[in-house]
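Asks: So here's upload_19.cif, just mmCIF, C-alpha atoms:
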data_model
#
loop_
_atom_site.label_atom_id
_atom_site.label_comp_id
_atom_site.auth_asym_id
_atom_site.auth_seq_id
_atom_site.Cartn_x
_atom_site.Cartn_y
_atom_site.Cartn_z
CA VAL A 308 -8.46 4.06 -0.04
CA PRO A 309 -7.25 7.69 -0.25
CA VAL A 310 -6.87 9.67 2.96
CA ASP A 311 -9.66 12.13 2.13
CA GLU A 312 -12.10 9.28 1.51
CA VAL A 313 -11.26 7.64 4.84
CA THR A 314 -11.66 10.99 6.61
CA SER A 315 -15.05 11.52 5.00
CA LEU A 316 -16.15 8.02 5.97
CA ILE A 317 -15.07 8.40 9.61
CA THR A 318 -16.92 11.73 9.80
CA LYS A 319 -20.13 10.07 8.59
CA ILE A 320 -20.07 7.00 10.81
CA ALA A 321 -18.51 8.39 14.02
CA PRO A 322 -21.79 9.73 15.52
CA ASN A 323 -23.49 6.35 15.00
CA LEU A 324 -20.85 4.05 16.47
CA LYS A 325 -21.84 2.21 19.63
CA GLU A 326 -19.47 2.21 22.56
CA GLY A 327 -16.90 -0.55 22.15
CA ALA A 328 -17.15 -0.50 18.34
CA VAL A 329 -13.95 -1.31 16.46
CA ILE A 330 -13.09 0.14 13.05
CA LEU A 331 -10.65 -2.01 11.06
CA ASP A 332 -8.96 0.24 8.51
CA THR A 333 -7.27 -1.31 5.46
CA SER A 334 -6.02 1.86 3.76
CA PRO A 335 -2.30 1.62 2.92
CA LEU A 336 -0.92 4.53 4.96
CA LYS A 337 -1.24 4.58 8.72
CA THR A 338 0.29 7.60 10.45
CA GLN A 339 -2.03 10.33 9.19
CA ILE A 340 -5.12 8.11 9.24
CA SER A 341 -4.47 6.96 12.83
CA THR A 342 -3.97 10.54 13.99
CA LEU A 343 -7.17 11.69 12.30
CA ALA A 344 -9.18 8.78 13.66
CA SER A 345 -7.96 9.38 17.21
CA SER A 346 -9.13 12.99 17.02
CA MET A 347 -12.47 12.23 15.33
CA LEU A 348 -13.79 9.15 17.12
CA PRO A 349 -15.79 9.46 20.34
CA THR A 350 -14.31 7.97 23.51
CA GLY A 351 -14.77 4.21 23.74
CA ARG A 352 -14.64 3.64 19.98
CA HIS A 353 -11.50 2.00 18.63
CA PHE A 354 -9.49 2.32 15.44
CA VAL A 355 -7.17 -0.51 14.39
CA THR A 356 -5.28 -0.55 11.12
CA PHE A 357 -5.20 -3.85 9.30
CA THR A 358 -2.80 -4.17 6.38
CA PRO A 359 -3.33 -7.48 4.59
CA THR A 360 -0.94 -9.11 2.19
CA ILE A 361 -2.11 -11.94 -0.04
CA ASN A 362 -1.46 -15.63 -0.32
CA PRO A 363 1.84 -16.06 -2.21
CA ALA A 364 0.04 -18.44 -4.58
CA TYR A 365 -1.85 -15.45 -6.03
CA LEU A 366 1.01 -12.96 -6.36
CA GLU A 367 1.13 -13.31 -10.15
CA ASP A 368 -2.63 -12.93 -10.66
CA THR A 369 -3.45 -9.73 -12.51
CA ASP A 370 -7.24 -9.87 -12.08
CA GLY A 371 -8.98 -7.23 -10.00
CA GLY A 372 -12.37 -6.79 -8.36
CA LEU A 373 -14.62 -9.79 -7.80
CA SER A 374 -12.67 -11.94 -10.25
CA ALA A 375 -9.68 -11.72 -7.88
CA ALA A 376 -11.66 -13.06 -4.91
CA HIS A 377 -10.60 -16.44 -3.48
CA ALA A 378 -11.61 -18.21 -0.29
CA ASP A 379 -7.95 -18.64 0.63
CA LEU A 380 -6.74 -15.23 -0.59
CA PHE A 381 -5.04 -14.43 2.74
CA LYS A 382 -3.91 -17.93 3.70
CA ASN A 383 -0.18 -18.14 4.51
CA SER A 384 0.10 -14.36 4.34
CA GLN A 385 1.13 -11.68 6.81
CA ILE A 386 -1.28 -9.09 8.14
CA ILE A 387 0.26 -5.99 9.71
CA ILE A 388 -1.70 -4.62 12.65
CA THR A 389 -1.11 -1.18 14.12
CA VAL A 390 -3.01 0.42 16.97
CA PRO A 391 -2.87 3.92 18.47
CA PRO A 392 -1.58 4.16 22.06
CA GLY A 393 -4.26 3.42 24.64
CA THR A 394 -6.28 1.05 22.45
CA GLU A 395 -8.13 -1.53 24.54
CA GLU A 396 -6.85 -5.10 24.45
CA ASP A 397 -10.24 -6.40 23.26
CA ALA A 398 -9.99 -4.30 20.08
CA LEU A 399 -6.52 -5.64 19.35
CA LYS A 400 -7.69 -9.21 20.06
CA LEU A 401 -10.55 -8.78 17.56
CA ALA A 402 -8.10 -7.82 14.81
CA CYS A 403 -5.78 -10.73 15.69
CA ASP A 404 -8.66 -13.21 15.73
CA LEU A 405 -9.81 -12.04 12.30
CA ALA A 406 -6.30 -12.46 10.90
CA VAL A 407 -6.18 -16.03 12.25
CA LEU A 408 -9.61 -16.80 10.74
CA LEU A 409 -8.29 -15.62 7.38
CA GLY A 410 -5.36 -18.04 7.70
CA ALA A 411 -2.75 -15.30 8.10
CA LYS A 412 0.00 -14.59 10.59
CA THR A 413 0.05 -11.26 12.42
CA LEU A 414 2.87 -8.76 12.40
CA PHE A 415 2.66 -5.83 14.80
CA SER A 416 4.02 -2.44 13.81
CA ASP A 417 3.71 1.19 14.76
CA PRO A 418 2.24 3.55 12.13
CA LEU A 419 5.56 5.21 11.27
CA GLU A 420 7.30 1.89 10.66
CA SER A 421 4.36 0.62 8.61
CA ASP A 422 4.39 3.69 6.36
CA GLY A 423 8.11 3.19 5.76
CA LEU A 424 7.55 -0.42 4.74
CA ILE A 425 4.65 0.53 2.44
CA ALA A 426 6.83 3.15 0.73
CA ALA A 427 9.44 0.51 -0.08
CA VAL A 428 7.29 -2.40 -1.24
CA ARG A 429 4.14 -0.73 -2.58
CA GLN A 430 4.79 2.87 -3.50
CA LEU A 431 8.31 2.51 -4.92
CA PRO A 432 7.19 -0.09 -7.52
CA ILE A 433 4.41 2.29 -8.63
CA MET A 434 6.82 5.22 -8.98
CA THR A 435 9.38 3.03 -10.75
CA ALA A 436 6.78 1.79 -13.22
CA ALA A 437 5.67 5.36 -13.93
CA ALA A 438 9.30 6.39 -14.49
CA ILE A 439 9.86 3.52 -16.93
CA VAL A 440 6.77 4.50 -18.91
CA GLN A 441 7.96 8.11 -19.04
CA ALA A 442 11.54 7.18 -19.96
CA VAL A 443 10.51 4.86 -22.79
CA CYS A 444 7.25 6.24 -24.17
CA SER A 445 8.47 9.85 -24.36
CA GLN A 446 11.24 8.90 -26.80
CA PRO A 447 10.86 9.39 -30.59
CA GLY A 448 11.37 5.67 -31.20
CA TRP A 449 8.36 4.60 -29.09
CA PRO A 450 5.96 4.03 -32.04
CA GLU A 451 8.34 1.31 -33.27
CA ALA A 452 9.48 0.12 -29.84
CA ARG A 453 5.89 -0.52 -28.75
CA LYS A 454 5.65 -3.24 -31.39
CA LEU A 455 8.40 -5.13 -29.56
CA ALA A 456 7.19 -4.48 -26.01
CA GLY A 457 6.35 -7.83 -24.45
CA LYS A 458 6.15 -9.59 -21.13
CA ALA A 459 9.17 -7.86 -19.56
CA PHE A 460 7.83 -4.37 -20.32
CA TYR A 461 4.32 -5.36 -19.25
CA HIS A 462 5.45 -6.68 -15.86
CA ALA A 463 7.80 -3.75 -15.27
CA THR A 464 5.07 -1.16 -15.89
CA TRP A 465 1.97 -2.98 -14.56
CA SER A 466 2.11 -1.15 -11.22
CA ALA A 467 1.62 2.22 -12.92
CA LEU A 468 -1.99 1.19 -13.61
CA HIS A 469 -2.69 0.43 -9.95
CA LEU A 470 -2.46 3.67 -8.03
CA ASP A 471 -4.04 3.97 -4.59
CA GLU A 472 -6.40 6.67 -5.90
CA THR A 473 -8.97 6.85 -8.66
CA GLU A 474 -9.01 10.66 -8.29
CA ASN A 475 -6.09 12.93 -7.38
CA PRO A 476 -3.43 10.40 -8.47
CA GLY A 477 -0.33 10.47 -6.31
CA GLN A 478 -2.03 11.85 -3.20
CA SER A 479 -0.79 8.94 -1.08
CA LEU A 480 2.77 9.56 -2.33
CA MET A 481 2.56 13.13 -1.06
CA VAL A 482 1.03 12.07 2.26
CA ASN A 483 3.97 9.70 2.75
CA ARG A 484 6.43 12.14 1.17
CA GLU A 485 9.36 11.70 3.58
CA ASN A 486 9.39 7.94 3.07
CA THR A 487 8.80 8.07 -0.69
CA LEU A 488 11.71 10.49 -1.13
CA ARG A 489 13.93 8.18 0.92
CA VAL A 490 13.14 5.07 -1.11
CA LEU A 491 13.46 7.01 -4.38
CA ASP A 492 16.94 8.12 -3.29
CA ASN A 493 17.79 4.46 -2.58
CA LEU A 494 16.62 3.48 -6.07
CA ILE A 495 18.53 6.32 -7.74
CA HIS A 496 21.68 5.25 -5.89
CA SER A 497 21.21 1.64 -7.05
CA LEU A 498 20.67 2.75 -10.67
CA GLN A 499 23.80 4.90 -10.54
CA GLU A 500 25.79 1.94 -9.22
CA LEU A 501 24.42 -0.27 -12.01
CA ARG A 502 25.28 2.39 -14.61
CA GLY A 503 28.80 2.60 -13.23
CA ILE A 504 29.26 -1.17 -13.44
CA LEU A 505 28.08 -1.22 -17.07
CA ASN A 506 30.16 1.82 -17.98
CA GLU A 507 33.30 0.24 -16.55
CA GLU A 508 32.46 -3.09 -18.22
#
I'd like the structure from this file rewritten - as structure tokens, please.

Replies:
Amino acid sequence: VPVDEVTSLITKIAPNLKEGAVILDTSPLKTQISTLASSMLPTGRHFVTFTPTINPAYLEDTDGGLSAAHADLFKNSQIIITVPPGTEEDALKLACDLAVLLGAKTLFSDPLESDGLIAAVRQLPIMTAAAIVQAVCSQPGWPEARKLAGKAFYHATWSALHLDETENPGQSLMVNRENTLRVLDNLIHSLQELRGILNEE
């Protein structure tokens, strides 16, 4: 869920939250959201970020929406939990208990570390897929090349269709700009090394 949508949602529900209420946030980026939530929520209301991964058995599924739902979707997965400083133990326990009920193991992280991990394993594949589309489809030979594009091209570019936003594409990349630039630099370095190996045979 984009940052502006989460902010809007917190604004709407904050006045109606009972004391002791816990919000479990599953948006991909944590630092900005956690900071906003801490400043917007009344005292005694808790904000815990909950980043689920999926059961490895479903990693190759390309379905979305309700067709991607499975009773064991989170079994044998990892769920990253981050909490702002000062969060009550009961709120953290609630998040941990839910992860266990889903069949997942918990991994605790601070928001900055979590955003760095998300940049590497979620945002970099999206940017790489977009770059491949641009590099190939902008060439004069694309009308003919598209006739040969098969499974390898499909899998390499699939992520470009699954941005975090339906509006304002790329907003999450800008929110996490420091990390996305770092992982892009890592990718560029790896591509240059690969080019050098090929060039030198």

Asks: Taking the file as I've supplied it (selection: the PyMOL selection byres ((chain A and resi 335) around 8)), which residues are included? Please answer as a list in words.

Replies: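 With the shown file as input, the PyMOL selection byres ((chain A and resi 335) around 8) matches Val308, Thr333, Ser334, Leu336, Lys337, Thr358, Asp422 and Ile425 of chain A.
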
Asks: Leaving out range 462-473 of chain A and any residue of its chain fewer than 3 positions from it, which residues lie within 8 Å of it when counting all atoms listed in the file, given as a list in words?

Replies: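 So, after excluding close chain neighbours, the residues are Val308, Pro309, Pro432, Ile433, Met434, Thr435, Ala436, Ala437, Ile439, Val440, Lys458, Ala459, Pro476, Gly477, Gln478 and Ser479 of chain A.
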
Asks: Find, counting all atoms listed in the file, the residue in A:Ser315, A:Thr360, A:Thr369, A:Asn493 that gets nearest to Leu343 in chain A.

Replies: A:Ser315

Asks: Between CA of Ile361 in chain A and CA of Asp332 in chain A, what is the spacing in Å?

Replies: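 Separation between CA of Asp332 in chain A and CA of Ile361 in chain A: 16.4 Å.
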
Asks: Taking only C-alpha atoms into account, produce a table as a tab-separated table in which each residue of range 377-467 of chain A with an atom at most 9 Å from an atom of range 346-355 of chain A appears once, together with its shortest atom pair and the distance in Å to one decimal, ordered by chain and rising number.

Replies:
residue	atom	partner	partner_atom	distance
A:Ile388	CA	A:Val355	CA	7.1
A:Thr389	CA	A:Val355	CA	6.1
A:Val390	CA	A:Val355	CA	5.0
A:Pro391	CA	A:Val355	CA	7.4
A:Thr394	CA	A:His353	CA	6.5
A:Glu395	CA	A:His353	CA	7.7
A:Ala398	CA	A:His353	CA	6.6
A:Leu399	CA	A:Val355	CA	7.2
A:Ala402	CA	A:Val355	CA	7.4

Asks: Could you jot down the CA of His377 in chain A to CA of Lys412 in chain A separation for me, Å, one decimal place?

Replies: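 Taking CA of His377 in chain A and CA of Lys412 in chain A, their separation equals 17.7 Å.
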
Asks: Nearest residue to Asn475 in chain A out of A:Leu414, A:Asp311, A:Val329, A:Pro322, using only C-alpha atoms?

Replies: A:Asp311

Asks: What does the distance between CA of Leu491 in chain A and CA of Gln430 in chain A come to in Å, to one decimal place?

Replies: 9.6 Å

Asks: Residues at most 9 Å from Asn383 in chain A, counting all atoms listed in the file, excluding those fewer than 3 positions away in the same chain, as a list of chain:residue names?

Replies: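 In the requested form, the answer reads A:Ile361, A:Asn362, A:Pro363, A:Asp379, A:Leu380, A:Leu409, A:Gly410, A:Ala411, A:Lys412.
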
Asks: Name every residue that the PyMOL selection byres ((chain A and resi 489) around 12) selects in this structure, writing the answer as a list in words with chains first and numbers rising.

Replies: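 Taken over the shown coordinates, the PyMOL selection byres ((chain A and resi 489) around 12) returns Asp422, Gly423, Leu424, Ala426, Ala427, Gln430, Leu431, Leu480, Asn483, Arg484, Glu485, Asn486, Thr487, Leu488, Val490, Leu491, Asp492, Asn493, Leu494, Ile495 and His496 of chain A.
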
Asks: For each of A:Tyr365, A:Phe381, A:Phe357, A:Trp449, take the minimum atom-to-atom distance to Asp417 in chain A, counting only C-alpha atoms, then give the residue where this is smallest.

Replies: A:Phe357

Asks: In terms of the shortest atom-to-atom distance over all atoms listed in the file, which of A:Leu373, A:Ala364, A:Leu401, A:Ile340 is closest to Gly327 in chain A?

Replies: A:Leu401

Asks: Is it possible to add N, CA and C atoms to range 326-350 of chain A and hand it back as a compact mmCIF listing (two decimals), in the coordinates of the input?

Replies:
# COMPACT_ATOMS: atom_id res chain seq x y z
N GLU A 326 -20.65 2.32 21.71
CA GLU A 326 -19.47 2.21 22.56
C GLU A 326 -18.89 0.80 22.44
N GLY A 327 -17.57 0.73 22.32
CA GLY A 327 -16.90 -0.55 22.15
C GLY A 327 -16.71 -0.96 20.70
N ALA A 328 -17.28 -0.17 19.77
CA ALA A 328 -17.15 -0.50 18.34
C ALA A 328 -15.69 -0.41 17.91
N VAL A 329 -15.32 -1.28 16.97
CA VAL A 329 -13.95 -1.31 16.46
C VAL A 329 -13.99 -1.08 14.95
N ILE A 330 -13.25 -0.10 14.48
CA ILE A 330 -13.09 0.14 13.05
C ILE A 330 -11.78 -0.51 12.62
N LEU A 331 -11.86 -1.40 11.63
CA LEU A 331 -10.65 -2.01 11.06
C LEU A 331 -10.38 -1.31 9.73
N ASP A 332 -9.31 -0.56 9.68
CA ASP A 332 -8.96 0.24 8.51
C ASP A 332 -7.93 -0.50 7.66
N THR A 333 -8.20 -0.62 6.35
CA THR A 333 -7.27 -1.31 5.46
C THR A 333 -6.61 -0.38 4.45
N SER A 334 -6.71 0.93 4.66
CA SER A 334 -6.02 1.86 3.76
C SER A 334 -4.52 1.68 3.93
N PRO A 335 -3.72 1.97 2.88
CA PRO A 335 -2.30 1.62 2.92
C PRO A 335 -1.45 2.42 3.90
N LEU A 336 -1.75 3.70 4.10
CA LEU A 336 -0.92 4.53 4.96
C LEU A 336 -1.55 4.68 6.34
N LYS A 337 -0.73 4.70 7.37
CA LYS A 337 -1.24 4.58 8.72
C LYS A 337 -1.09 5.81 9.60
N THR A 338 0.01 6.54 9.49
CA THR A 338 0.29 7.60 10.45
C THR A 338 -0.78 8.68 10.44
N GLN A 339 -1.05 9.24 9.27
CA GLN A 339 -2.03 10.33 9.19
C GLN A 339 -3.43 9.83 9.52
N ILE A 340 -3.78 8.65 9.01
CA ILE A 340 -5.12 8.11 9.24
C ILE A 340 -5.33 7.85 10.74
N SER A 341 -4.34 7.25 11.40
CA SER A 341 -4.47 6.96 12.83
C SER A 341 -4.63 8.23 13.64
N THR A 342 -3.87 9.26 13.28
CA THR A 342 -3.97 10.54 13.99
C THR A 342 -5.34 11.16 13.80
N LEU A 343 -5.83 11.14 12.57
CA LEU A 343 -7.17 11.69 12.30
C LEU A 343 -8.25 10.93 13.05
N ALA A 344 -8.16 9.60 13.00
CA ALA A 344 -9.18 8.78 13.66
C ALA A 344 -9.21 9.03 15.16
N SER A 345 -8.03 9.14 15.76
CA SER A 345 -7.96 9.38 17.21
C SER A 345 -8.64 10.69 17.60
N SER A 346 -8.54 11.68 16.72
CA SER A 346 -9.13 12.99 17.02
C SER A 346 -10.62 13.06 16.67
N MET A 347 -11.09 12.16 15.81
CA MET A 347 -12.47 12.23 15.33
C MET A 347 -13.43 11.27 16.01
N LEU A 348 -12.91 10.16 16.54
CA LEU A 348 -13.79 9.15 17.12
C LEU A 348 -14.15 9.49 18.57
N PRO A 349 -15.41 9.25 18.94
CA PRO A 349 -15.79 9.46 20.34
C PRO A 349 -15.05 8.49 21.27
N THR A 350 -14.95 8.84 22.52
CA THR A 350 -14.31 7.97 23.51
C THR A 350 -15.01 6.61 23.54
